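> A single structure is presented below for examination.
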Amino acid sequence: MPLSYGSYLKVDELLALQQPLSRPAHHDEMLFIIIHQVYELWFKQILHELDAAMLALDRDDLPSVAKRFRRIHTIQRLLEQQIDILETMAPQEFNQFRDHLHPASGFQSVQFRELEFACGVRRTEVLKWIELDDAQRVRLERRADSPSLYDRVKALLARRGFAVATSPELVETFRQIYSNEAAHYDLYRLLEDLIEFDERFLLWRSRHVMMVERMIGQRPGTGGSLGAKYLQSTLQHRFFPELWEVRTCLGEGNYG
């Protein structure tokens with residue numbers, strides 16, 4: 001049989017993956033499943049782009065890094081917009097099938113943990129709450145043992161002659177780059193892509209927190225977490241803390 005649109009994209013298999021658990025199936029459970037399956041597909045693509053960006057960093061190919069981040073930023077905007085779709089579901093509608101989700105939770109997303117690990121936030125203690133098969137455990141261990149995106153950025157800066165051994169040195173390096181943008185323009189653009197990447201994840205997390213509170217108030221999450229309170233606490237986890245810290249050091253007139 002010749003290749004077709006459906007066979008190439010495995011459309012029949014894809015459309016069979018939405019399996020509501022409520023009986024009779026609640027109308028909005030289909031939306032809930034599709035939204036989260038699409039999130040996982042976009043997480044897969046972001047990881048694909050991040051891996052390419054990290055390899056490009058290792059070979060000092062900053063134009064390729066910028067190209068990868070342009071796509072990542074666009075996907076991140078879409079992730080946030082998906083919350084608008086989810087919020088077309090009223091709380092009372094969600095609560096009609098929510099109990100069927102126990103003990104599953106978005107907290108258990110392996111790919112999201114991969115994203116955190118790849119960027120340097122390696123809270124391995126959360127893994128005790130996630131059931132992992134052998135392949136998933138290997139993936140996360142590989143991410144935990146490999147240089148992170150931030151590690152690779154620091155290595156690039158060190159190759160350019162900047163000091164990166166300590167947090168204060170890194171802040172000073174960032175200050176130098178921002179204060180002389182013209183002389184270090186490729187590095188300046190890299191730092192701006194990193195801060196936008198971090199900011200957009202924080203914006204998505206913030207929207208997610210508000211969406212959860214809008215849906216369930218202060219009730220616990222289906223996976224046993226504190227729900228909105230737990231999600232609020234995750235906003236403190238930033239991928240590139242020194243890149244945020246340097247903003248305090250930059251005043252008007254410091255830019256080259």
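Just remember, in the structure tokens the first chain shown is A, the second B, etc., residues are 1-based per chain, and ligands are 1-based in the order shown.
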Contacts of A:Arg98 at 12 Å or less, counting only C-alpha atoms, minus same-chain residues fewer than 3 places along, as a PyMOL selection string?

chain A and resi 20-22+25-26+28-29+32-33+91-95+101-105+215-216+219-223

> Dump N, CA and C atoms for the selected residues as a CSV table (one decimal), in the first residue's frame?


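For reference, out-v4.csv as written:
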chain,number,residue,atom,x,y,z
A,20,PRO,N,-11.6,8.2,27.5
A,20,PRO,CA,-12.2,8.7,28.8
A,20,PRO,C,-12.5,7.6,29.8
A,21,LEU,N,-12.4,7.9,31.1
A,21,LEU,CA,-12.6,6.9,32.1
A,21,LEU,C,-14.0,7.1,32.8
A,22,SER,N,-14.6,8.2,32.6
A,22,SER,CA,-15.9,8.4,33.2
A,22,SER,C,-17.0,7.6,32.4
A,25,ALA,N,-19.2,8.6,29.5
A,25,ALA,CA,-18.1,9.5,29.3
A,25,ALA,C,-18.6,11.0,29.3
A,26,HIS,N,-18.0,11.8,30.2
A,26,HIS,CA,-18.3,13.2,30.3
A,26,HIS,C,-17.8,13.9,29.1
A,28,ASP,N,-16.5,16.8,28.6
A,28,ASP,CA,-15.3,17.6,28.7
A,28,ASP,C,-14.1,16.8,29.0
A,29,GLU,N,-14.2,15.5,29.3
A,29,GLU,CA,-13.1,14.7,29.6
A,29,GLU,C,-12.2,14.5,28.3
A,32,PHE,N,-9.9,17.5,28.1
A,32,PHE,CA,-8.9,17.4,29.2
A,32,PHE,C,-7.8,16.4,28.7
A,33,ILE,N,-8.2,15.3,28.1
A,33,ILE,CA,-7.2,14.3,27.6
A,33,ILE,C,-6.4,14.9,26.5
A,91,PRO,N,-15.6,24.7,36.3
A,91,PRO,CA,-15.2,23.9,37.5
A,91,PRO,C,-16.1,22.7,37.8
A,92,GLN,N,-17.4,23.0,37.7
A,92,GLN,CA,-18.4,22.0,38.0
A,92,GLN,C,-18.4,20.9,37.0
A,93,GLU,N,-18.0,21.2,35.7
A,93,GLU,CA,-17.9,20.2,34.7
A,93,GLU,C,-16.6,19.3,34.9
A,94,PHE,N,-15.5,20.0,35.3
A,94,PHE,CA,-14.3,19.2,35.6
A,94,PHE,C,-14.5,18.3,36.8
A,95,ASN,N,-15.2,18.8,37.8
A,95,ASN,CA,-15.4,17.9,39.0
A,95,ASN,C,-16.3,16.7,38.7
A,101,LEU,N,-9.5,10.5,37.8
A,101,LEU,CA,-8.1,10.7,37.5
A,101,LEU,C,-7.2,10.2,38.6
A,102,HIS,N,-7.7,10.0,39.8
A,102,HIS,CA,-6.8,9.5,40.9
A,102,HIS,C,-6.2,8.2,40.6
A,103,PRO,N,-4.9,8.0,40.9
A,103,PRO,CA,-3.9,9.0,41.5
A,103,PRO,C,-3.0,9.7,40.4
A,104,ALA,N,-3.5,9.7,39.2
A,104,ALA,CA,-2.7,10.3,38.1
A,104,ALA,C,-2.6,11.8,38.3
A,105,SER,N,-1.5,12.5,37.9
A,105,SER,CA,-1.3,13.9,38.1
A,105,SER,C,-0.3,14.4,37.1
A,215,MET,N,-10.1,26.1,38.9
A,215,MET,CA,-10.8,24.9,38.8
A,215,MET,C,-11.2,24.2,40.1
A,216,ILE,N,-10.2,24.1,41.0
A,216,ILE,CA,-10.4,23.3,42.2
A,216,ILE,C,-10.1,24.1,43.5
A,219,ARG,N,-8.2,22.8,47.0
A,219,ARG,CA,-8.3,21.3,47.2
A,219,ARG,C,-7.0,20.7,46.8
A,220,PRO,N,-6.6,19.5,47.4
A,220,PRO,CA,-5.4,18.8,47.0
A,220,PRO,C,-5.5,18.3,45.5
A,221,GLY,N,-4.3,18.1,44.9
A,221,GLY,CA,-4.3,17.6,43.6
A,221,GLY,C,-4.6,16.1,43.5
A,222,THR,N,-4.9,15.6,42.3
A,222,THR,CA,-5.3,14.2,42.2
A,222,THR,C,-4.2,13.3,42.5
A,223,GLY,N,-2.9,13.7,42.4
A,223,GLY,CA,-1.8,12.9,42.7
A,223,GLY,C,-1.3,13.0,44.2

> Determine, counting only C-alpha atoms, which protein, DNA and RNA residues have an atom within 12 Å of an atom of A:Arg175; residues of the same chain fewer than 5 positions away are not included. Present the result as number ranges by chain.

A: 162-163, 168-170, 180-181, 184, 187-188, 191, 242-251, 254-256

> Please run DSSP on the backbone and report, as JSON, numbers by chain, all residues within stretch 108-241 of chain A that come out as helix (DSSP H, G or I).

{"A": [108, 110, 111, 112, 113, 114, 115, 116, 117, 118, 119, 124, 125, 126, 127, 128, 129, 134, 135, 136, 137, 138, 139, 140, 141, 142, 143, 144, 145, 149, 150, 151, 152, 153, 154, 155, 156, 157, 158, 159, 167, 168, 169, 170, 171, 172, 173, 174, 175, 176, 177, 178, 179, 185, 186, 187, 188, 189, 190, 191, 192, 193, 194, 195, 196, 197, 198, 199, 200, 201, 202, 203, 204, 205, 206, 207, 208, 209, 210, 211, 212, 213, 214, 215, 216, 228, 229, 230, 231, 232, 233, 234, 235, 236, 241]}

> Limited to C-alpha atoms, could you put the picked residues into a file as an mmCIF file, in the first residue's frame?


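That gives us out-v9.cif:
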data_model
loop_
_atom_site.group_PDB
_atom_site.id
_atom_site.type_symbol
_atom_site.label_atom_id
_atom_site.label_comp_id
_atom_site.auth_asym_id
_atom_site.auth_seq_id
_atom_site.Cartn_x
_atom_site.Cartn_y
_atom_site.Cartn_z
ATOM 1 C CA GLN A 108 4.129 12.760 37.114
ATOM 2 C CA VAL A 110 8.390 12.364 32.877
ATOM 3 C CA GLN A 111 9.077 14.644 29.922
ATOM 4 C CA PHE A 112 8.558 17.763 32.012
ATOM 5 C CA ARG A 113 11.080 16.401 34.540
ATOM 6 C CA GLU A 114 13.419 15.805 31.595
ATOM 7 C CA LEU A 115 13.024 19.462 30.629
ATOM 8 C CA GLU A 116 13.863 20.586 34.155
ATOM 9 C CA PHE A 117 16.864 18.253 34.330
ATOM 10 C CA ALA A 118 18.108 19.354 30.892
ATOM 11 C CA CYS A 119 18.030 22.980 32.035
ATOM 12 C CA THR A 124 15.621 14.310 42.056
ATOM 13 C CA GLU A 125 13.591 14.015 45.267
ATOM 14 C CA VAL A 126 10.374 14.380 43.244
ATOM 15 C CA LEU A 127 11.095 11.090 41.475
ATOM 16 C CA LYS A 128 10.027 9.077 44.518
ATOM 17 C CA TRP A 129 6.457 10.181 43.748
ATOM 18 C CA ASP A 134 13.095 1.073 33.126
ATOM 19 C CA ALA A 135 13.263 3.188 29.956
ATOM 20 C CA GLN A 136 11.946 6.294 31.734
ATOM 21 C CA ARG A 137 14.409 5.866 34.593
ATOM 22 C CA VAL A 138 17.289 5.553 32.120
ATOM 23 C CA ARG A 139 16.162 8.741 30.331
ATOM 24 C CA LEU A 140 16.023 10.746 33.541
ATOM 25 C CA GLU A 141 19.314 9.362 34.815
ATOM 26 C CA ARG A 142 20.942 10.288 31.508
ATOM 27 C CA ARG A 143 19.601 13.834 31.818
ATOM 28 C CA ALA A 144 20.790 14.063 35.426
ATOM 29 C CA ASP A 145 24.279 12.843 34.537
ATOM 30 C CA LEU A 149 21.995 23.698 29.125
ATOM 31 C CA TYR A 150 23.345 26.119 31.749
ATOM 32 C CA ASP A 151 26.531 24.054 32.123
ATOM 33 C CA ARG A 152 27.110 24.283 28.368
ATOM 34 C CA VAL A 153 26.520 28.036 28.372
ATOM 35 C CA LYS A 154 29.090 28.430 31.155
ATOM 36 C CA ALA A 155 31.555 26.271 29.214
ATOM 37 C CA LEU A 156 31.091 28.470 26.144
ATOM 38 C CA LEU A 157 31.692 31.607 28.205
ATOM 39 C CA ALA A 158 34.826 30.056 29.725
ATOM 40 C CA ARG A 159 36.127 29.316 26.229
ATOM 41 C CA SER A 167 27.930 32.594 41.103
ATOM 42 C CA PRO A 168 29.353 36.112 41.713
ATOM 43 C CA GLU A 169 31.807 35.633 38.845
ATOM 44 C CA LEU A 170 28.988 34.567 36.566
ATOM 45 C CA VAL A 171 26.895 37.601 37.495
ATOM 46 C CA GLU A 172 29.885 39.836 36.735
ATOM 47 C CA THR A 173 30.399 38.087 33.390
ATOM 48 C CA PHE A 174 26.774 38.700 32.491
ATOM 49 C CA ARG A 175 27.142 42.338 33.550
ATOM 50 C CA GLN A 176 30.153 42.751 31.275
ATOM 51 C CA ILE A 177 28.302 41.264 28.311
ATOM 52 C CA TYR A 178 25.238 43.459 28.829
ATOM 53 C CA SER A 179 27.359 46.549 29.448
ATOM 54 C CA TYR A 185 26.516 40.784 20.510
ATOM 55 C CA ASP A 186 26.270 37.029 19.842
ATOM 56 C CA LEU A 187 26.588 36.340 23.577
ATOM 57 C CA TYR A 188 24.114 39.116 24.382
ATOM 58 C CA ARG A 189 21.561 37.523 22.043
ATOM 59 C CA LEU A 190 22.194 34.131 23.653
ATOM 60 C CA LEU A 191 21.553 35.534 27.135
ATOM 61 C CA GLU A 192 18.357 37.198 25.940
ATOM 62 C CA ASP A 193 17.143 33.899 24.457
ATOM 63 C CA LEU A 194 17.883 32.163 27.755
ATOM 64 C CA ILE A 195 16.039 34.736 29.865
ATOM 65 C CA GLU A 196 13.049 34.635 27.513
ATOM 66 C CA PHE A 197 13.016 30.847 27.693
ATOM 67 C CA ASP A 198 13.065 30.968 31.498
ATOM 68 C CA GLU A 199 10.490 33.757 31.673
ATOM 69 C CA ARG A 200 8.075 31.987 29.360
ATOM 70 C CA PHE A 201 8.233 28.837 31.469
ATOM 71 C CA LEU A 202 7.520 30.926 34.561
ATOM 72 C CA LEU A 203 4.589 32.596 32.785
ATOM 73 C CA TRP A 204 3.225 29.198 31.775
ATOM 74 C CA ARG A 205 3.650 27.881 35.312
ATOM 75 C CA SER A 206 1.899 30.979 36.683
ATOM 76 C CA ARG A 207 -1.017 30.582 34.301
ATOM 77 C CA HIS A 208 -1.198 26.921 35.240
ATOM 78 C CA VAL A 209 -1.317 27.790 38.951
ATOM 79 C CA MET A 210 -4.178 30.230 38.395
ATOM 80 C CA MET A 211 -6.032 27.768 36.177
ATOM 81 C CA VAL A 212 -5.776 25.052 38.841
ATOM 82 C CA GLU A 213 -7.035 27.411 41.540
ATOM 83 C CA ARG A 214 -9.858 28.512 39.242
ATOM 84 C CA MET A 215 -10.846 24.859 38.764
ATOM 85 C CA ILE A 216 -10.383 23.321 42.223
ATOM 86 C CA ALA A 228 -2.416 25.119 43.763
ATOM 87 C CA LYS A 229 -0.252 25.669 46.868
ATOM 88 C CA TYR A 230 2.321 23.159 45.629
ATOM 89 C CA LEU A 231 2.295 24.632 42.120
ATOM 90 C CA GLN A 232 2.804 28.119 43.559
ATOM 91 C CA SER A 233 5.960 26.884 45.290
ATOM 92 C CA THR A 234 7.435 25.729 41.956
ATOM 93 C CA LEU A 235 7.617 29.335 40.728
ATOM 94 C CA GLN A 236 10.819 29.772 42.738
ATOM 95 C CA PRO A 241 19.266 32.451 38.535
#

> In Å, with one decimal, what is the gap from atom CA of A:Arg71 to atom CA of A:His237?

23.0 Å

> Would you mind reading off the distance between atom CA of A:Leu57 and atom CA of A:Glu40, one decimal, in Å?

25.4 Å

> Do you have the atom CA of A:Ser7-atom CA of A:Lys44 distance handy?

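Pair atom CA of A:Ser7 / atom CA of A:Lys44 returns 20.8 Å.
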
> Quick one: everything within 9 Å of A:Ile46, counting only C-alpha atoms, minus sequence neighbours fewer than 5 positions away in the same chain. Send it as a PDB file with C-alpha atoms, in the first residue's frame.


ATOM      1  CA  LEU A  41       3.913  16.230  22.207  1.00  0.00           C
ATOM      2  CA  ASP A  51      19.201  18.844  22.473  1.00  0.00           C
ATOM      3  CA  ARG A  71      11.118  27.847  17.586  1.00  0.00           C
ATOM      4  CA  ILE A  72      11.102  27.041  21.305  1.00  0.00           C
ATOM      5  CA  ILE A  75       6.011  26.732  21.152  1.00  0.00           C
ATOM      6  CA  GLN A  76       6.094  28.207  24.655  1.00  0.00           C
ATOM      7  CA  LEU A 115      13.024  19.462  30.629  1.00  0.00           C
TER       8      LEU A 115
END

> Out of A:Ile35, A:Phe240, A:Leu17, A:Tyr5, which residue has the shortest atom-to-atom distance to A:Glu87 when counting only C-alpha atoms?

A:Ile35

> Residues within 10 Å of A:His36, please, as a ChimeraX atom specification. Count only C-alpha atoms; anything in the same chain fewer than 5 positions from it doesn't count.

/A:31,41-42,82,86,106,109

> Suppose we keep N, CA and C atoms; can you now write the selection as an mmCIF file, in the first residue's frame?


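Wrote again-v6.cif, looks like this:
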data_model
loop_
_atom_site.group_PDB
_atom_site.id
_atom_site.type_symbol
_atom_site.label_atom_id
_atom_site.label_comp_id
_atom_site.auth_asym_id
_atom_site.auth_seq_id
_atom_site.Cartn_x
_atom_site.Cartn_y
_atom_site.Cartn_z
ATOM 1 N N LEU A 31 -11.697 16.841 26.048
ATOM 2 C CA LEU A 31 -10.869 18.044 25.978
ATOM 3 C C LEU A 31 -9.679 17.929 26.926
ATOM 4 N N LEU A 41 3.305 16.147 23.534
ATOM 5 C CA LEU A 41 3.913 16.230 22.207
ATOM 6 C C LEU A 41 4.793 17.470 22.082
ATOM 7 N N TRP A 42 4.323 18.591 22.615
ATOM 8 C CA TRP A 42 5.139 19.811 22.558
ATOM 9 C C TRP A 42 6.357 19.705 23.458
ATOM 10 N N GLN A 82 -2.817 27.314 25.327
ATOM 11 C CA GLN A 82 -3.654 26.134 25.524
ATOM 12 C C GLN A 82 -4.445 26.212 26.819
ATOM 13 N N LEU A 86 -8.381 25.216 27.891
ATOM 14 C CA LEU A 86 -8.775 24.406 29.047
ATOM 15 C C LEU A 86 -9.757 25.156 29.935
ATOM 16 N N GLY A 106 -0.443 15.622 36.612
ATOM 17 C CA GLY A 106 0.566 16.219 35.752
ATOM 18 C C GLY A 106 1.929 16.282 36.417
ATOM 19 N N SER A 109 4.558 13.924 35.002
ATOM 20 C CA SER A 109 5.038 14.006 33.625
ATOM 21 C C SER A 109 6.551 13.791 33.568
#

> With only C-alpha atoms as the atoms that count, which of A:Ile34, A:Gly6, A:Phe107, A:Ala66 lies nearest to A:Ile130?

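Result for the nearest residue to A:Ile130: A:Phe107.
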